[in-house]
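Next comes run_12.cif, a file with mmCIF, C-alpha atoms.
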```
data_coords
#
loop_
_atom_site.group_PDB
_atom_site.id
_atom_site.type_symbol
_atom_site.label_atom_id
_atom_site.label_comp_id
_atom_site.auth_asym_id
_atom_site.auth_seq_id
_atom_site.Cartn_x
_atom_site.Cartn_y
_atom_site.Cartn_z
ATOM 1 C CA MET N 51 204.950 146.461 216.083
ATOM 2 C CA ALA N 52 203.179 149.786 216.681
ATOM 3 C CA LEU N 53 199.587 150.190 215.529
ATOM 4 C CA LEU N 54 200.515 153.304 213.494
ATOM 5 C CA GLU N 55 203.982 154.145 212.217
ATOM 6 C CA VAL N 56 204.557 157.375 210.319
ATOM 7 C CA GLU N 57 208.047 157.292 208.831
ATOM 8 C CA ASN N 58 209.800 160.193 207.086
ATOM 9 C CA LEU N 59 206.464 161.534 205.803
ATOM 10 C CA GLY N 60 206.613 164.284 203.197
ATOM 11 C CA ILE N 61 203.583 166.171 201.855
ATOM 12 C CA GLY N 62 203.940 168.609 198.979
ATOM 13 C CA PHE N 63 201.988 170.980 196.763
ATOM 14 C CA PRO N 64 203.018 172.171 193.289
ATOM 15 C CA THR N 65 204.032 175.830 193.371
ATOM 16 C CA GLY N 66 205.776 177.789 190.635
ATOM 17 C CA GLY N 67 206.692 174.704 188.639
ATOM 18 C CA ARG N 68 208.084 172.745 191.599
ATOM 19 C CA ILE N 69 206.802 170.724 194.557
ATOM 20 C CA VAL N 70 206.979 172.573 197.862
ATOM 21 C CA GLU N 71 206.774 170.368 200.940
ATOM 22 C CA VAL N 72 204.594 171.520 203.827
ATOM 23 C CA VAL N 73 205.445 168.405 205.855
ATOM 24 C CA ARG N 74 209.131 167.589 205.516
ATOM 25 C CA GLY N 75 210.057 164.187 206.888
ATOM 26 C CA VAL N 76 207.934 163.695 210.010
ATOM 27 C CA SER N 77 208.185 160.409 211.907
ATOM 28 C CA PHE N 78 206.284 159.132 214.946
ATOM 29 C CA LYS N 79 204.376 156.070 216.074
ATOM 30 C CA ILE N 80 201.335 155.194 218.159
ATOM 31 C CA GLU N 81 201.076 151.977 220.124
ATOM 32 C CA ALA N 82 197.804 150.083 220.574
ATOM 33 C CA GLY N 83 195.727 151.858 223.220
ATOM 34 C CA GLU N 84 198.041 154.896 223.332
ATOM 35 C CA SER N 85 196.928 158.536 223.111
ATOM 36 C CA VAL N 86 199.319 160.889 221.309
ATOM 37 C CA GLY N 87 198.992 164.635 220.826
ATOM 38 C CA LEU N 88 200.170 166.340 217.628
ATOM 39 C CA VAL N 89 200.735 169.964 218.645
ATOM 40 C CA GLY N 90 202.046 173.177 217.159
ATOM 41 C CA GLU N 91 201.001 176.529 215.735
ATOM 42 C CA SER N 92 198.660 176.900 212.775
ATOM 43 C CA GLY N 93 200.522 175.977 209.598
ATOM 44 C CA SER N 94 202.881 173.531 211.286
ATOM 45 C CA GLY N 95 201.566 170.585 209.265
ATOM 46 C CA LYS N 96 199.316 168.896 211.848
ATOM 47 C CA SER N 97 196.105 168.630 209.813
ATOM 48 C CA GLN N 98 197.922 167.776 206.591
ATOM 49 C CA THR N 99 199.577 164.893 208.417
ATOM 50 C CA ALA N 100 196.162 163.631 209.561
ATOM 51 C CA LEU N 101 194.748 163.881 206.030
ATOM 52 C CA ALA N 102 197.760 162.030 204.643
ATOM 53 C CA ILE N 103 197.255 159.179 207.117
ATOM 54 C CA MET N 104 193.653 158.860 205.913
ATOM 55 C CA ARG N 105 194.693 159.375 202.258
ATOM 56 C CA LEU N 106 192.320 162.344 202.074
ATOM 57 C CA LEU N 107 194.732 165.038 200.909
ATOM 58 C CA ARG N 108 193.037 167.512 198.610
ATOM 59 C CA GLU N 109 194.398 167.830 195.104
ATOM 60 C CA PRO N 110 196.928 168.956 194.091
ATOM 61 C CA GLY N 111 198.495 167.954 197.413
ATOM 62 C CA ARG N 112 200.324 164.635 197.460
ATOM 63 C CA ILE N 113 202.491 162.406 199.617
ATOM 64 C CA THR N 114 206.022 162.961 198.316
ATOM 65 C CA ARG N 115 207.926 160.426 200.409
ATOM 66 C CA GLY N 116 207.842 158.155 203.390
ATOM 67 C CA ALA N 117 205.473 155.501 204.678
ATOM 68 C CA VAL N 118 202.342 155.346 206.828
ATOM 69 C CA ARG N 119 201.990 151.836 208.220
ATOM 70 C CA PHE N 120 198.742 150.925 209.962
ATOM 71 C CA ASP N 121 198.629 147.481 211.522
ATOM 72 C CA GLY N 122 201.485 146.501 209.206
ATOM 73 C CA THR N 123 199.898 147.819 205.975
ATOM 74 C CA ASP N 124 201.559 150.758 204.204
ATOM 75 C CA LEU N 125 198.628 153.072 203.523
ATOM 76 C CA THR N 126 200.640 155.132 201.030
ATOM 77 C CA GLN N 127 200.656 152.071 198.731
ATOM 78 C CA ALA N 128 197.097 150.843 199.415
ATOM 79 C CA ASP N 129 194.487 151.018 196.656
ATOM 80 C CA GLU N 130 191.316 153.070 197.065
ATOM 81 C CA ALA N 131 189.143 150.003 197.745
ATOM 82 C CA THR N 132 191.347 149.128 200.712
ATOM 83 C CA MET N 133 191.207 152.699 201.993
ATOM 84 C CA ARG N 134 187.413 152.779 201.754
ATOM 85 C CA ARG N 135 187.239 149.669 203.925
ATOM 86 C CA LEU N 136 189.634 151.166 206.471
ATOM 87 C CA ARG N 137 188.114 154.654 206.677
ATOM 88 C CA GLY N 138 185.320 154.669 209.228
ATOM 89 C CA GLY N 139 186.049 151.049 210.031
ATOM 90 C CA ALA N 140 189.529 150.412 211.423
ATOM 91 C CA VAL N 141 190.557 154.098 211.282
ATOM 92 C CA SER N 142 188.208 157.033 211.840
ATOM 93 C CA ILE N 143 188.629 160.796 211.904
ATOM 94 C CA VAL N 144 186.711 163.606 213.583
ATOM 95 C CA PHE N 145 187.179 166.942 211.814
ATOM 96 C CA GLN N 146 187.239 170.353 213.450
ATOM 97 C CA ASP N 147 184.229 171.848 211.666
ATOM 98 C CA ALA N 148 181.227 169.886 212.914
ATOM 99 C CA LEU N 149 178.721 171.785 210.758
ATOM 100 C CA SER N 150 180.448 171.045 207.458
ATOM 101 C CA GLY N 151 181.152 167.487 208.593
ATOM 102 C CA LEU N 152 177.444 166.670 208.493
ATOM 103 C CA ASN N 153 175.185 166.812 205.434
ATOM 104 C CA PRO N 154 172.579 169.516 206.144
ATOM 105 C CA VAL N 155 169.833 167.900 204.031
ATOM 106 C CA PHE N 156 169.674 164.522 205.826
ATOM 107 C CA PRO N 157 168.706 163.733 209.430
ATOM 108 C CA VAL N 158 171.668 162.761 211.583
ATOM 109 C CA GLY N 159 170.170 159.306 212.091
ATOM 110 C CA VAL N 160 170.264 158.576 208.367
ATOM 111 C CA GLN N 161 173.899 159.659 208.183
ATOM 112 C CA LEU N 162 174.866 157.601 211.220
ATOM 113 C CA MET N 163 173.024 154.524 209.968
ATOM 114 C CA ASP N 164 174.693 154.837 206.541
ATOM 115 C CA VAL N 165 178.134 154.740 208.184
ATOM 116 C CA ILE N 166 177.199 151.638 210.160
ATOM 117 C CA ALA N 167 175.703 149.881 207.111
ATOM 118 C CA ALA N 168 178.821 150.659 205.035
ATOM 119 C CA HIS N 169 181.076 148.694 207.415
ATOM 120 C CA ARG N 170 178.766 146.178 209.063
ATOM 121 C CA ASP N 171 176.574 143.413 207.618
ATOM 122 C CA VAL N 172 173.387 144.568 209.359
ATOM 123 C CA THR N 173 169.722 145.083 208.607
ATOM 124 C CA ARG N 174 168.277 148.590 208.570
ATOM 125 C CA GLU N 175 166.670 147.946 211.953
ATOM 126 C CA GLN N 176 169.953 146.734 213.415
ATOM 127 C CA ALA N 177 171.703 149.821 212.047
ATOM 128 C CA ARG N 178 169.045 151.982 213.692
ATOM 129 C CA GLU N 179 169.492 150.228 217.034
ATOM 130 C CA ARG N 180 173.231 150.721 216.780
ATOM 131 C CA ALA N 181 172.753 154.412 215.909
ATOM 132 C CA VAL N 182 170.582 154.946 218.977
ATOM 133 C CA ALA N 183 173.178 153.196 221.138
ATOM 134 C CA MET N 184 175.933 155.409 219.726
ATOM 135 C CA LEU N 185 174.042 158.642 220.410
ATOM 136 C CA ASN N 186 173.420 157.455 223.951
ATOM 137 C CA LEU N 187 177.101 156.577 224.288
ATOM 138 C CA VAL N 188 178.215 160.124 223.417
ATOM 139 C CA GLY N 189 175.717 161.713 225.803
ATOM 140 C CA ILE N 190 172.908 162.845 223.507
ATOM 141 C CA ARG N 191 169.598 162.592 225.330
ATOM 142 C CA ASN N 192 166.360 161.358 223.746
ATOM 143 C CA ALA N 193 168.412 159.504 221.157
ATOM 144 C CA GLU N 194 165.429 157.851 219.462
ATOM 145 C CA GLU N 195 163.819 161.198 218.783
ATOM 146 C CA ARG N 196 167.071 162.943 217.888
ATOM 147 C CA LEU N 197 167.759 160.461 215.078
ATOM 148 C CA GLY N 198 165.173 162.321 213.014
ATOM 149 C CA HIS N 199 166.610 165.790 213.647
ATOM 150 C CA PHE N 200 168.727 167.691 211.134
ATOM 151 C CA PRO N 201 172.210 169.069 211.889
ATOM 152 C CA HIS N 202 170.963 172.662 212.247
ATOM 153 C CA GLN N 203 168.762 171.514 215.141
ATOM 154 C CA PHE N 204 171.840 170.656 217.207
ATOM 155 C CA SER N 205 174.222 173.004 219.009
ATOM 156 C CA GLY N 206 177.881 173.061 218.003
ATOM 157 C CA GLY N 207 178.852 170.780 220.867
ATOM 158 C CA MET N 208 176.048 168.347 220.089
ATOM 159 C CA ARG N 209 177.043 168.249 216.402
ATOM 160 C CA GLN N 210 180.557 167.358 217.460
ATOM 161 C CA ARG N 211 179.169 164.562 219.616
ATOM 162 C CA VAL N 212 177.247 163.253 216.586
ATOM 163 C CA LEU N 213 180.472 163.213 214.544
ATOM 164 C CA ILE N 214 182.244 161.369 217.348
ATOM 165 C CA ALA N 215 179.371 158.849 217.444
ATOM 166 C CA MET N 216 179.803 158.303 213.692
ATOM 167 C CA ALA N 217 183.562 157.910 214.116
ATOM 168 C CA VAL N 218 183.363 155.219 216.824
ATOM 169 C CA ALA N 219 180.212 153.424 215.616
ATOM 170 C CA CYS N 220 182.207 150.673 213.881
ATOM 171 C CA GLU N 221 184.726 150.253 216.714
ATOM 172 C CA PRO N 222 187.889 151.555 215.039
ATOM 173 C CA LYS N 223 191.333 150.709 216.348
ATOM 174 C CA LEU N 224 192.547 154.280 215.772
ATOM 175 C CA LEU N 225 190.620 157.525 216.159
ATOM 176 C CA ILE N 226 192.090 160.758 214.780
ATOM 177 C CA ALA N 227 190.603 163.909 216.324
ATOM 178 C CA ASP N 228 191.647 166.952 214.278
ATOM 179 C CA GLU N 229 191.124 170.085 216.388
ATOM 180 C CA PRO N 230 187.739 168.727 217.599
ATOM 181 C CA THR N 231 187.151 171.651 219.987
ATOM 182 C CA THR N 232 187.606 174.493 217.479
ATOM 183 C CA ALA N 233 184.872 177.193 217.715
ATOM 184 C CA LEU N 234 183.448 175.680 220.921
ATOM 185 C CA ASP N 235 183.336 177.596 224.184
ATOM 186 C CA VAL N 236 185.667 176.596 227.007
ATOM 187 C CA THR N 237 183.095 174.578 228.951
ATOM 188 C CA VAL N 238 182.059 172.570 225.896
ATOM 189 C CA GLN N 239 185.719 172.030 224.954
ATOM 190 C CA ALA N 240 186.304 170.387 228.320
ATOM 191 C CA GLN N 241 183.221 168.207 227.847
ATOM 192 C CA ILE N 242 184.364 167.005 224.404
ATOM 193 C CA VAL N 243 187.838 166.162 225.704
ATOM 194 C CA ALA N 244 186.319 164.298 228.670
ATOM 195 C CA LEU N 245 184.106 162.381 226.245
ATOM 196 C CA LEU N 246 187.051 161.394 224.048
ATOM 197 C CA ARG N 247 189.039 160.301 227.102
ATOM 198 C CA ASP N 248 186.112 158.199 228.331
ATOM 199 C CA LEU N 249 185.556 156.594 224.918
ATOM 200 C CA ARG N 250 189.241 155.814 224.508
ATOM 201 C CA GLU N 251 189.314 153.994 227.829
ATOM 202 C CA ARG N 252 185.948 152.292 227.394
ATOM 203 C CA LEU N 253 186.476 151.146 223.804
ATOM 204 C CA GLY N 254 190.240 150.547 223.943
ATOM 205 C CA LEU N 255 190.960 153.030 221.156
ATOM 206 C CA SER N 256 194.282 154.456 220.126
ATOM 207 C CA LEU N 257 193.985 158.230 219.725
ATOM 208 C CA LEU N 258 195.812 160.856 217.692
ATOM 209 C CA PHE N 259 194.666 164.182 219.145
ATOM 210 C CA ILE N 260 195.581 167.197 216.989
ATOM 211 C CA THR N 261 195.515 170.585 218.689
ATOM 212 C CA HIS N 262 197.306 173.846 219.351
ATOM 213 C CA ASN N 263 195.935 173.858 222.929
ATOM 214 C CA LEU N 264 198.526 172.326 225.249
ATOM 215 C CA ASP N 265 196.195 172.251 228.251
ATOM 216 C CA LEU N 266 193.577 170.200 226.407
ATOM 217 C CA MET N 267 196.258 167.891 225.050
ATOM 218 C CA GLY N 268 197.569 167.329 228.564
ATOM 219 C CA GLU N 269 194.125 166.219 229.709
ATOM 220 C CA ILE N 270 193.925 163.307 227.300
ATOM 221 C CA CYS N 271 197.365 162.392 225.911
ATOM 222 C CA SER N 272 200.286 160.469 227.362
ATOM 223 C CA ARG N 273 202.766 161.588 224.687
ATOM 224 C CA ALA N 274 203.161 164.671 222.508
ATOM 225 C CA VAL N 275 204.746 165.234 219.090
ATOM 226 C CA VAL N 276 205.597 168.922 218.620
ATOM 227 C CA LEU N 277 205.699 170.201 215.017
ATOM 228 C CA TYR N 278 206.962 173.478 213.598
ATOM 229 C CA GLY N 279 207.435 174.374 209.961
ATOM 230 C CA GLY N 280 206.501 170.856 208.867
ATOM 231 C CA LEU N 281 209.228 169.254 210.977
ATOM 232 C CA MET N 282 209.328 167.390 214.278
ATOM 233 C CA MET N 283 210.857 169.477 217.038
ATOM 234 C CA GLU N 284 210.264 167.183 220.013
ATOM 235 C CA ASP N 285 208.540 163.843 220.669
ATOM 236 C CA SER N 286 208.126 163.440 224.400
ATOM 237 C CA PRO N 287 206.018 162.009 227.223
ATOM 238 C CA VAL N 288 203.515 164.726 228.158
ATOM 239 C CA GLU N 289 204.715 164.907 231.759
ATOM 240 C CA THR N 290 208.300 165.457 230.579
ATOM 241 C CA LEU N 291 207.188 168.058 228.049
ATOM 242 C CA PHE N 292 205.348 170.057 230.721
ATOM 243 C CA THR N 293 207.991 169.803 233.439
ATOM 244 C CA ALA N 294 211.266 169.744 231.486
ATOM 245 C CA PRO N 295 210.817 170.589 227.779
ATOM 246 C CA SER N 296 214.043 170.071 225.845
ATOM 247 C CA HIS N 297 213.419 172.031 222.635
ATOM 248 C CA PRO N 298 213.364 175.860 222.707
ATOM 249 C CA TYR N 299 210.133 175.820 220.690
ATOM 250 C CA SER N 300 208.454 173.523 223.216
ATOM 251 C CA ARG N 301 209.542 175.894 225.992
ATOM 252 C CA ALA N 302 208.224 178.878 224.055
ATOM 253 C CA LEU N 303 204.845 177.203 223.518
ATOM 254 C CA LEU N 304 204.520 176.475 227.226
ATOM 255 C CA ASP N 305 205.482 180.050 228.089
ATOM 256 C CA CYS N 306 202.535 181.242 225.983
ATOM 257 C CA VAL N 307 200.017 179.436 228.205
ATOM 258 C CA PRO N 308 198.297 181.988 230.506
ATOM 259 C CA ARG N 309 198.709 181.454 234.249
ATOM 260 C CA LEU N 310 196.533 182.457 237.181
ATOM 261 C CA GLU N 311 199.351 184.530 238.672
ATOM 262 C CA ASP N 312 199.729 186.620 235.489
ATOM 263 C CA GLU N 313 198.637 190.229 235.533
ATOM 264 C CA PRO N 314 195.300 190.882 233.765
ATOM 265 C CA GLY N 315 195.794 191.191 230.028
ATOM 266 C CA MET N 316 199.350 189.894 230.198
ATOM 267 C CA LEU N 317 200.335 187.697 227.260
ATOM 268 C CA ARG N 318 203.704 186.147 226.371
ATOM 269 C CA PRO N 319 203.747 185.598 222.594
ATOM 270 C CA ILE N 320 206.643 183.964 220.796
ATOM 271 C CA GLU N 321 208.701 186.818 219.409
ATOM 272 C CA GLY N 322 209.339 187.118 215.680
ATOM 273 C CA ALA N 323 207.395 186.253 212.535
ATOM 274 C CA ALA N 324 205.768 182.853 212.170
ATOM 275 C CA PHE N 325 207.326 180.361 209.766
ATOM 276 C CA THR N 326 206.322 180.547 206.115
ATOM 277 C CA LEU N 327 207.453 178.390 203.220
ATOM 278 C CA ALA N 328 208.340 181.538 201.293
ATOM 279 C CA THR N 329 211.131 182.292 203.776
ATOM 280 C CA ALA N 330 212.119 178.676 204.514
ATOM 281 C CA GLU N 331 215.832 177.954 204.587
ATOM 282 C CA ALA N 332 217.952 174.835 205.018
ATOM 283 C CA GLY N 333 218.351 175.207 208.764
ATOM 284 C CA CYS N 334 216.001 174.777 211.681
ATOM 285 C CA PRO N 335 212.682 176.510 210.862
ATOM 286 C CA PHE N 336 212.499 177.914 214.394
ATOM 287 C CA ALA N 337 215.972 179.486 214.214
ATOM 288 C CA PRO N 338 214.769 183.035 213.298
ATOM 289 C CA ARG N 339 212.657 183.147 216.498
ATOM 290 C CA CYS N 340 214.919 181.158 218.816
ATOM 291 C CA VAL N 341 216.895 182.915 221.567
ATOM 292 C CA LEU N 342 219.567 180.191 221.443
ATOM 293 C CA ALA N 343 220.074 180.090 217.668
ATOM 294 C CA ASP N 344 223.522 180.595 216.160
ATOM 295 C CA ALA N 345 224.834 180.527 212.590
ATOM 296 C CA ARG N 346 224.791 176.721 212.427
ATOM 297 C CA CYS N 347 221.083 176.669 213.308
ATOM 298 C CA GLY N 348 220.357 178.826 210.283
ATOM 299 C CA ARG N 349 222.470 176.688 207.945
ATOM 300 C CA GLU N 350 221.758 173.103 208.987
ATOM 301 C CA HIS N 351 218.684 171.373 210.314
ATOM 302 C CA PRO N 352 219.735 169.422 213.402
ATOM 303 C CA PRO N 353 219.546 165.625 213.340
ATOM 304 C CA GLU N 354 217.112 163.873 215.645
ATOM 305 C CA THR N 355 218.689 162.681 218.882
ATOM 306 C CA GLY N 356 217.387 160.351 221.553
ATOM 307 C CA GLN N 357 215.018 157.472 220.987
ATOM 308 C CA HIS N 358 211.398 156.545 221.603
ATOM 309 C CA PRO N 359 209.660 157.814 223.693
ATOM 310 C CA HIS N 360 211.787 161.010 223.786
ATOM 311 C CA ARG N 361 213.334 162.429 220.611
ATOM 312 C CA ILE N 362 214.563 165.971 219.943
ATOM 313 C CA ALA N 363 215.757 167.842 216.856
ATOM 314 C CA CYS N 364 217.892 170.705 218.205
ATOM 315 C CA TRP N 365 221.580 171.595 218.258
ATOM 316 C CA TRP N 366 221.025 173.052 221.732
ATOM 317 C CA SER N 367 218.878 170.279 223.181
ATOM 318 C CA GLY N 368 221.328 169.761 226.005
ATOM 319 C CA SER N 369 221.137 173.402 227.113
#
```

Show how you would write the structure in this file as structure tokens.
Amino acid sequence: MALLEVENLGIGFPTGGRIVEVVRGVSFKIEAGESVGLVGESGSGKSQTALAIMRLLREPGRITRGAVRFDGTDLTQADEATMRRLRGGAVSIVFQDALSGLNPVFPVGVQLMDVIAAHRDVTREQARERAVAMLNLVGIRNAEERLGHFPHQFSGGMRQRVLIAMAVACEPKLLIADEPTTALDVTVQAQIVALLRDLRERLGLSLLFITHNLDLMGEICSRAVVLYGGLMMEDSPVETLFTAPSHPYSRALLDCVPRLEDEPGMLRPIEGAAFTLATAEAGCPFAPRCVLADARCGREHPPETGQHPHRIACWWSGS
């Protein structure tokens, strides 16, 4: 049994008297110790999927169908007391905005110690010792002194390290990193990804890494789930995705990645307008931008073919 199984997940919001789904039947799984990337353009449903797993969807959003099984427990049916025990304990999440993820009026040490005390039967002194150890683990120097500093006294990269320390302090089985390198410069992005890779190996974590950056995903993940328009396009080993992508959308994403041999200023965007729910039709959401699309692609969403670890949803997947 996989550690995490997301099955036919639907997430909807009420609009104009009806529920409009922004995630429309996504399925994937993560084995114990595995690192999986959830990739796609903005608006593809990546972050909403992460929030649904944690049962943190903002009202009026709701899970409309499907199951999210963690260690055999369906989180969509779990009560709030169960979810409070799991969040920060067995399952943790690192959000993309490190500044808003920390309370500006409390020192980071207080916030870190509160997380530890919420999930561990420890004294205040033991929580403090653990907090110092966690800051050291994520590469923050002078950890004892830094416990008393406020979030605004840390750089963006250091704030993200503090959030990662909070997320792993209680030794979760699964860590969800939702765009953890957003708004960081390229050098710091690489450092954060290296830190997550090191922690995953050292602590034996499973990792769900959410990003639109394929290069960063390739540095840390062994498998990738590609989303577009709230649907799974391809679920593939990373090496296969990079060397022989099967879905036209996966190929288009890879073509967008700049290369050293490109002429200065040369960019290869995906042609056509990005998917919106207002223009959604019954067929494949990528059909209006796909060079291979025919009339059937616009009428009918293709069934998933293949099996774990390589699944594809495309009428032209054999092309």

Practice task
Measure the distance from atom CA of N:Leu88 to atom CA of N:Arg209 in Å and round it to one decimal.
Solution key: 23.2 Å

Problem - Output of the PyMOL selection byres ((chain N and resi 102) around 12), listed as number ranges by chain - result: N: 56, 59-62, 72-73, 76, 95-101, 103-109, 111-119, 124-127, 133, 143, 226

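What the PyMOL selection byres ((chain N and resi 269) around 10) grabs from this file is Ala240, Val243, Ala244, Arg247, Leu264, Asp265, Leu266, Met267, Gly268, Ile270, Cys271, Ser272 and Val288 of chain N.
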
Just-selected residues, C-alpha atoms written as a PDB file, keeping the file's coordinate frame:
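Written out: part_15.pdb:
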```pdb
ATOM      1  CA  ALA N 240     186.304 170.387 228.320  1.00  0.00           C
ATOM      2  CA  VAL N 243     187.838 166.162 225.704  1.00  0.00           C
ATOM      3  CA  ALA N 244     186.319 164.298 228.670  1.00  0.00           C
ATOM      4  CA  ARG N 247     189.039 160.301 227.102  1.00  0.00           C
ATOM      5  CA  LEU N 264     198.526 172.326 225.249  1.00  0.00           C
ATOM      6  CA  ASP N 265     196.195 172.251 228.251  1.00  0.00           C
ATOM      7  CA  LEU N 266     193.577 170.200 226.407  1.00  0.00           C
ATOM      8  CA  MET N 267     196.258 167.891 225.050  1.00  0.00           C
ATOM      9  CA  GLY N 268     197.569 167.329 228.564  1.00  0.00           C
ATOM     10  CA  ILE N 270     193.925 163.307 227.300  1.00  0.00           C
ATOM     11  CA  CYS N 271     197.365 162.392 225.911  1.00  0.00           C
ATOM     12  CA  SER N 272     200.286 160.469 227.362  1.00  0.00           C
ATOM     13  CA  VAL N 288     203.515 164.726 228.158  1.00  0.00           C
TER      14      VAL N 288
END
```

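With distances restricted to all atoms listed in the file, N:His199 is the closest residue to N:Gln161 from N:His199, N:Arg135, N:Arg74, N:Arg191.
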
Problem - Residue nearest N:Pro110 - candidates N:Gly138, N:Pro64, N:Gly83, N:Pro230, atoms counted: all atoms listed in the file - result: N:Pro64

Nearby residues (only C-alpha atoms) at most 8 Å from N:His297, same-chain spacing under 4 positions excluded, as a short mmCIF file (atom, residue, chain, number, x, y, z; two decimals) with C-alpha atoms, keeping the file's coordinate frame:
```
data_model
loop_
_atom_site.label_atom_id
_atom_site.label_comp_id
_atom_site.auth_asym_id
_atom_site.auth_seq_id
_atom_site.Cartn_x
_atom_site.Cartn_y
_atom_site.Cartn_z
CA MET N 283 210.86 169.48 217.04
CA GLU N 284 210.26 167.18 220.01
CA ARG N 301 209.54 175.89 225.99
CA ILE N 362 214.56 165.97 219.94
CA ALA N 363 215.76 167.84 216.86
CA CYS N 364 217.89 170.70 218.20
CA TRP N 366 221.02 173.05 221.73
CA SER N 367 218.88 170.28 223.18
#
```

Completion exercise
Atom pair atom CA of N:Ala345 + atom CA of N:Gly279, distance 18.6 Å

Problem - Option closest in space to N:Ile242, from N:Val158, N:Ile214, N:Leu225, N:Leu304 [counting all atoms listed in the file] - result: N:Ile214

Exercise for the section: To one decimal in Å, tell me the separation between atom CA of N:Arg68 and atom CA of N:Gly90. Expected result: 26.3 Å

Set up a box along x, y and z of the file covering all listed atoms of stretch 121-127 of chain N, add 3 Å on every one of the six sides, and write the centre and edge lengths in Å to one decimal, as lines of an AutoDock Vina configuration file.
```
center_x = 200.1
center_y = 150.8
center_z = 205.1
size_x = 8.9
size_y = 14.6
size_z = 18.8
```

Exercise for the section: Please provide the set of residues having any atom within 12 Å of N:Leu185, restricted to only C-alpha atoms, with same-chain residues fewer than 3 positions apart removed, written as a PyMOL selection string. Expected result: chain N and resi 158-159+162-163+178-182+188-197+208-219

Problem - Residue members of the PyMOL selection byres ((chain N and resi 85) around 7) in the file shown, as a PyMOL selection string - result: chain N and resi 83-84+86-87+256-258+271-273

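With distances taken over all atoms listed in the file, N:Leu277 is the one residue among N:Val341, N:Leu277, N:Leu317, N:Leu253 lying closest to N:Ser92.
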
Practice task
Please identify all polymer residues within 10 Å of N:Thr290, counting all atoms listed in the file, omitting same-chain residues fewer than 2 positions from it, and present them as a count of residues only.
Solution key: 12

Exercise for the section: Determine the nearest neighbour of N:Glu71 from the options N:Ser94, N:Thr237, N:Gln203, N:Gln146, counting only C-alpha atoms. Expected result: N:Ser94

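Compared by their closest atoms to N:Gly93, and using only C-alpha atoms, the residues N:Ser142, N:Thr132, N:Thr173, N:Thr261 rank with N:Thr261 nearest.
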
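The environment of N:Asn153 within 10 Å, counting only C-alpha atoms and disregarding residues fewer than 3 places along the same chain, consists of Leu149, Ser150, Phe156, Pro157, Val158, Gln161, Phe200, Pro201 and His202 of chain N.
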